[in-house]
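Below is one structure, written out as structure tokens; comments come after it.
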Amino acid sequence: MRPSRDEYYLEIAKAISQRSPCIRRKYGAVIVKNDTIVSTGYNGPARKVINCFEVGCIKDLKNLPHGTAYEDCPAVHAEENAVINAARNGSSVFGGTLYIAGIDKEGKLVEALPCDRCKRVLINAGIEKVVIRKEDGGIKYINTQEWISEDTKTYLEKIGKR
């Protein structure tokens with residue numbers, strides 16, 4: 001059976017995740033415009049910087065939970081790398097859709113919801129929609145415009161303005 005476009009691009013994102021040198025979780029991202037792939041990225045350190053396969057994972061060594069201690073980890077996230085790779089090659093991602101898939105160290109699907117930092121990168125890059133592979137294999141669609149009001153509300157709460 002022929003996969004839908006969303007299934008097709010999510011499978012490509014999953015395949016891209018295999019390039020990640022991360023020991024804990026591997027994420028792959030694909031940016032698509034007009035049904036054409038304009039960029040890809042996976043999570044890993046900056047180019048030519050040592051990686052976890054070579055020396056071990058700082059989060060594992062410090063026993064830190066997933067989704068924390070981003071400042072300790074040298075990884076650039078898959079979403080960020082997809083935007084950066086487009087810029088390095090002169091490709092516009094404005095108005096595009098980002099597809100992202102993730103797997104854990106056992107090879108199980110994980111919901112690849114972008115962190116707050118990546119949400120901001122995607123908003124500023126002009127990505128309009130994010131399509132995620134969920135843990136159950138389903139698909140989740142996110143309009144990035146929703147993140148703008150969420151981020152504003154969260155910030156105002158943090159500074160006591162709401």
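We label chains A, B, ... in the order they appear in the structure tokens, count residues from 1 in each chain, and number ligands from 1 in the order shown.
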Which residues are close to A:Gly137, i.e. within 12 Å by only C-alpha atoms, leaving aside same-chain residues fewer than 3 positions away? Reply as a VMD selection string. chain A and resid 7 10 to 11 14 101 to 103 108 to 112 132 to 134 140
For A:Gly96, list every protein, DNA or RNA residue within 8 Å, evaluated using only C-alpha atoms, and leave out those in the same chain fewer than 2 positions away; present the list as a PyMOL selection string. chain A and resi 31-34+93-94+98+126-129
I need the residues in chain A that are strand (DSSP E or B) according to DSSP; give them as a PyMOL selection string. chain A and resi 25-33+36-42+44-45+75-76+97-104+109-110+129-133+139-143
Using only C-alpha atoms, please write the residues we just selected to a file, as a PDB file, in the first residue's frame.
ATOM      1  CA  ARG A  25      17.472   9.044  22.070  1.00  0.00           C
ATOM      2  CA  LYS A  26      17.796   9.599  18.355  1.00  0.00           C
ATOM      3  CA  TYR A  27      15.721  12.184  16.520  1.00  0.00           C
ATOM      4  CA  GLY A  28      15.443  12.929  12.835  1.00  0.00           C
ATOM      5  CA  ALA A  29      13.810  15.938  11.189  1.00  0.00           C
ATOM      6  CA  VAL A  30      12.793  16.750   7.631  1.00  0.00           C
ATOM      7  CA  ILE A  31      11.679  20.166   6.394  1.00  0.00           C
ATOM      8  CA  VAL A  32       9.349  20.065   3.400  1.00  0.00           C
ATOM      9  CA  LYS A  33       8.087  22.869   1.154  1.00  0.00           C
ATOM     10  CA  THR A  36       9.936  18.786  -1.709  1.00  0.00           C
ATOM     11  CA  ILE A  37      12.517  18.072   0.977  1.00  0.00           C
ATOM     12  CA  VAL A  38      14.568  21.233   1.525  1.00  0.00           C
ATOM     13  CA  SER A  39      16.563  20.124   4.569  1.00  0.00           C
ATOM     14  CA  THR A  40      17.170  17.385   7.104  1.00  0.00           C
ATOM     15  CA  GLY A  41      18.780  17.164  10.523  1.00  0.00           C
ATOM     16  CA  TYR A  42      19.414  14.825  13.428  1.00  0.00           C
ATOM     17  CA  GLY A  44      24.151  15.463  17.728  1.00  0.00           C
ATOM     18  CA  PRO A  45      27.025  17.742  18.673  1.00  0.00           C
ATOM     19  CA  ALA A  75      23.883  18.176  21.187  1.00  0.00           C
ATOM     20  CA  VAL A  76      22.223  20.428  18.675  1.00  0.00           C
ATOM     21  CA  THR A  97       6.452  21.853   7.380  1.00  0.00           C
ATOM     22  CA  LEU A  98       8.809  20.050   9.748  1.00  0.00           C
ATOM     23  CA  TYR A  99       8.424  16.290  10.206  1.00  0.00           C
ATOM     24  CA  ILE A 100      10.110  14.742  13.228  1.00  0.00           C
ATOM     25  CA  ALA A 101      10.471  11.201  14.551  1.00  0.00           C
ATOM     26  CA  GLY A 102      12.386   9.807  17.499  1.00  0.00           C
ATOM     27  CA  ILE A 103      13.483   6.459  18.875  1.00  0.00           C
ATOM     28  CA  ASP A 104      14.923   5.477  22.249  1.00  0.00           C
ATOM     29  CA  LEU A 109       9.197   5.183  19.038  1.00  0.00           C
ATOM     30  CA  VAL A 110       9.134   8.230  21.305  1.00  0.00           C
ATOM     31  CA  LYS A 129       3.340  23.199  10.789  1.00  0.00           C
ATOM     32  CA  VAL A 130       5.060  20.385  12.677  1.00  0.00           C
ATOM     33  CA  VAL A 131       4.112  16.756  12.102  1.00  0.00           C
ATOM     34  CA  ILE A 132       5.177  14.297  14.778  1.00  0.00           C
ATOM     35  CA  ARG A 133       5.302  10.531  14.968  1.00  0.00           C
ATOM     36  CA  ILE A 139       0.490  11.203  13.792  1.00  0.00           C
ATOM     37  CA  LYS A 140       0.161  14.504  15.644  1.00  0.00           C
ATOM     38  CA  TYR A 141      -0.212  17.844  13.823  1.00  0.00           C
ATOM     39  CA  ILE A 142       0.812  21.151  15.383  1.00  0.00           C
ATOM     40  CA  ASN A 143       0.278  24.655  14.039  1.00  0.00           C
TER      41      ASN A 143
END
Please provide the set of residues having any atom within 10 Å of A:Trp147, restricted to only C-alpha atoms, with same-chain residues fewer than 6 positions apart removed, written as a tab-separated table (two decimals) with N, CA and C atoms, in the first residue's frame.
chain	number	residue	atom	x	y	z
A	116	ASP	N	11.12	23.74	24.25
A	116	ASP	CA	10.80	25.17	24.14
A	116	ASP	C	11.80	25.91	23.26
A	119	LYS	N	11.02	25.07	19.69
A	119	LYS	CA	9.77	25.72	19.28
A	119	LYS	C	10.06	27.15	18.84
A	120	ARG	N	10.89	27.84	19.59
A	120	ARG	CA	11.22	29.23	19.26
A	120	ARG	C	12.01	29.33	17.97
A	122	LEU	N	11.80	27.23	15.45
A	122	LEU	CA	10.87	26.94	14.37
A	122	LEU	C	9.93	28.11	14.09
A	123	ILE	N	9.47	28.78	15.15
A	123	ILE	CA	8.63	29.97	14.97
A	123	ILE	C	9.40	31.03	14.19
A	153	LYS	N	2.12	33.34	27.22
A	153	LYS	CA	1.41	33.09	28.47
A	153	LYS	C	2.36	32.55	29.55
Can you list, as a PyMOL selection string, every residue of stretch 3-86 of chain A that DSSP puts in alpha helix (DSSP H)? chain A and resi 5-17+52-55+58-61+78-86
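Excluding A:His66 itself and same-chain residues fewer than 6 positions from it, the residues having an atom within 12 Å of it are A:Ile23, A:Arg24, A:Arg25, A:Cys57, A:Ile58, A:Lys59, A:Asp60, A:Cys73, A:Asp104, A:Val110, A:Cys115, counting only C-alpha atoms.
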Take the selection from the previous step and output its residues with all heavy atoms, as a JSON list (two decimals), in the first residue's frame.
[["chain", "number", "residue", "atom", "x", "y", "z"],
["A", 23, "ILE", "N", 23.33, 8.45, 22.54],
["A", 23, "ILE", "CA", 23.17, 7.14, 23.14],
["A", 23, "ILE", "C", 21.76, 6.95, 23.69],
["A", 23, "ILE", "O", 21.22, 5.85, 23.65],
["A", 23, "ILE", "CB", 24.22, 6.95, 24.27],
["A", 23, "ILE", "CG1", 25.63, 6.90, 23.67],
["A", 23, "ILE", "CG2", 23.93, 5.69, 25.08],
["A", 23, "ILE", "CD1", 26.74, 6.94, 24.70],
["A", 24, "ARG", "N", 21.15, 8.02, 24.18],
["A", 24, "ARG", "CA", 19.84, 7.91, 24.82],
["A", 24, "ARG", "C", 18.67, 7.89, 23.84],
["A", 24, "ARG", "O", 17.83, 7.02, 23.88],
["A", 24, "ARG", "CB", 19.63, 9.10, 25.76],
["A", 24, "ARG", "CG", 20.41, 9.00, 27.03],
["A", 24, "ARG", "CD", 20.08, 10.22, 27.87],
["A", 24, "ARG", "NE", 20.37, 9.94, 29.25],
["A", 24, "ARG", "CZ", 19.82, 10.59, 30.26],
["A", 24, "ARG", "NH1", 18.95, 11.56, 30.01],
["A", 24, "ARG", "NH2", 20.13, 10.30, 31.48],
["A", 25, "ARG", "N", 18.59, 8.91, 23.01],
["A", 25, "ARG", "CA", 17.47, 9.04, 22.07],
["A", 25, "ARG", "C", 17.97, 9.63, 20.77],
["A", 25, "ARG", "O", 18.82, 10.52, 20.77],
["A", 25, "ARG", "CB", 16.37, 9.93, 22.63],
["A", 25, "ARG", "CG", 15.68, 9.30, 23.82],
["A", 25, "ARG", "CD", 14.46, 10.05, 24.21],
["A", 25, "ARG", "NE", 13.80, 9.32, 25.30],
["A", 25, "ARG", "CZ", 12.60, 9.58, 25.72],
["A", 25, "ARG", "NH1", 11.90, 10.54, 25.18],
["A", 25, "ARG", "NH2", 12.07, 8.88, 26.70],
["A", 57, "CYS", "N", 27.89, 9.46, 27.58],
["A", 57, "CYS", "CA", 26.83, 10.48, 27.71],
["A", 57, "CYS", "C", 26.90, 11.15, 29.07],
["A", 57, "CYS", "O", 26.81, 10.48, 30.11],
["A", 57, "CYS", "CB", 25.47, 9.80, 27.51],
["A", 57, "CYS", "SG", 24.07, 10.87, 27.86],
["A", 58, "ILE", "N", 27.04, 12.47, 29.06],
["A", 58, "ILE", "CA", 27.12, 13.21, 30.32],
["A", 58, "ILE", "C", 25.83, 13.08, 31.14],
["A", 58, "ILE", "O", 25.87, 13.02, 32.36],
["A", 58, "ILE", "CB", 27.50, 14.69, 30.09],
["A", 58, "ILE", "CG1", 27.87, 15.36, 31.41],
["A", 58, "ILE", "CG2", 26.37, 15.44, 29.37],
["A", 58, "ILE", "CD1", 28.55, 16.70, 31.26],
["A", 59, "LYS", "N", 24.70, 13.00, 30.46],
["A", 59, "LYS", "CA", 23.43, 12.86, 31.18],
["A", 59, "LYS", "C", 23.35, 11.50, 31.86],
["A", 59, "LYS", "O", 22.84, 11.40, 32.98],
["A", 59, "LYS", "CB", 22.25, 13.07, 30.23],
["A", 59, "LYS", "CG", 22.05, 14.51, 29.81],
["A", 59, "LYS", "CD", 20.83, 14.61, 28.93],
["A", 59, "LYS", "CE", 20.47, 16.02, 28.60],
["A", 59, "LYS", "NZ", 19.21, 16.11, 27.85],
["A", 60, "ASP", "N", 23.85, 10.46, 31.21],
["A", 60, "ASP", "CA", 23.89, 9.14, 31.85],
["A", 60, "ASP", "C", 24.85, 9.15, 33.02],
["A", 60, "ASP", "O", 24.56, 8.61, 34.08],
["A", 60, "ASP", "CB", 24.30, 8.06, 30.84],
["A", 60, "ASP", "CG", 23.18, 7.63, 29.92],
["A", 60, "ASP", "OD1", 22.01, 8.01, 30.17],
["A", 60, "ASP", "OD2", 23.46, 6.92, 28.93],
["A", 73, "CYS", "N", 24.48, 19.04, 27.84],
["A", 73, "CYS", "CA", 24.60, 18.18, 26.66],
["A", 73, "CYS", "C", 25.12, 18.99, 25.48],
["A", 73, "CYS", "O", 24.63, 20.08, 25.21],
["A", 73, "CYS", "CB", 23.24, 17.58, 26.33],
["A", 73, "CYS", "SG", 23.23, 16.54, 24.86],
["A", 104, "ASP", "N", 14.08, 5.58, 21.06],
["A", 104, "ASP", "CA", 14.92, 5.48, 22.25],
["A", 104, "ASP", "C", 16.01, 4.43, 22.03],
["A", 104, "ASP", "O", 16.12, 3.84, 20.95],
["A", 104, "ASP", "CB", 14.08, 5.20, 23.49],
["A", 104, "ASP", "CG", 13.38, 3.84, 23.47],
["A", 104, "ASP", "OD1", 13.74, 2.97, 22.65],
["A", 104, "ASP", "OD2", 12.47, 3.64, 24.30],
["A", 110, "VAL", "N", 9.42, 7.26, 20.24],
["A", 110, "VAL", "CA", 9.13, 8.23, 21.30],
["A", 110, "VAL", "C", 8.49, 9.44, 20.65],
["A", 110, "VAL", "O", 8.80, 9.78, 19.51],
["A", 110, "VAL", "CB", 10.41, 8.66, 22.08],
["A", 110, "VAL", "CG1", 10.96, 7.49, 22.87],
["A", 110, "VAL", "CG2", 11.47, 9.23, 21.17],
["A", 115, "CYS", "N", 11.30, 20.78, 22.12],
["A", 115, "CYS", "CA", 11.48, 21.49, 23.40],
["A", 115, "CYS", "C", 11.16, 22.97, 23.17],
["A", 115, "CYS", "O", 10.97, 23.42, 22.04],
["A", 115, "CYS", "CB", 12.91, 21.31, 23.90],
["A", 115, "CYS", "SG", 14.17, 22.18, 22.93]]
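Here atom CA of A:Pro74 and atom CA of A:Asn51 stand 7.8 Å from one another.
Comparing the minimum interatomic distances between A:Glu80 and each of A:Pro21, A:Pro3, A:Pro114, A:Gly160, counting only C-alpha atoms, we find that A:Pro114 sits nearest.
Taking atom CA of A:Ser17 as the reference point, atom CA of A:Asn43 is found at 7.5 Å.
Of note, atom CA of A:Ile16 and atom CA of A:Ala78 are spaced 9.4 Å apart.
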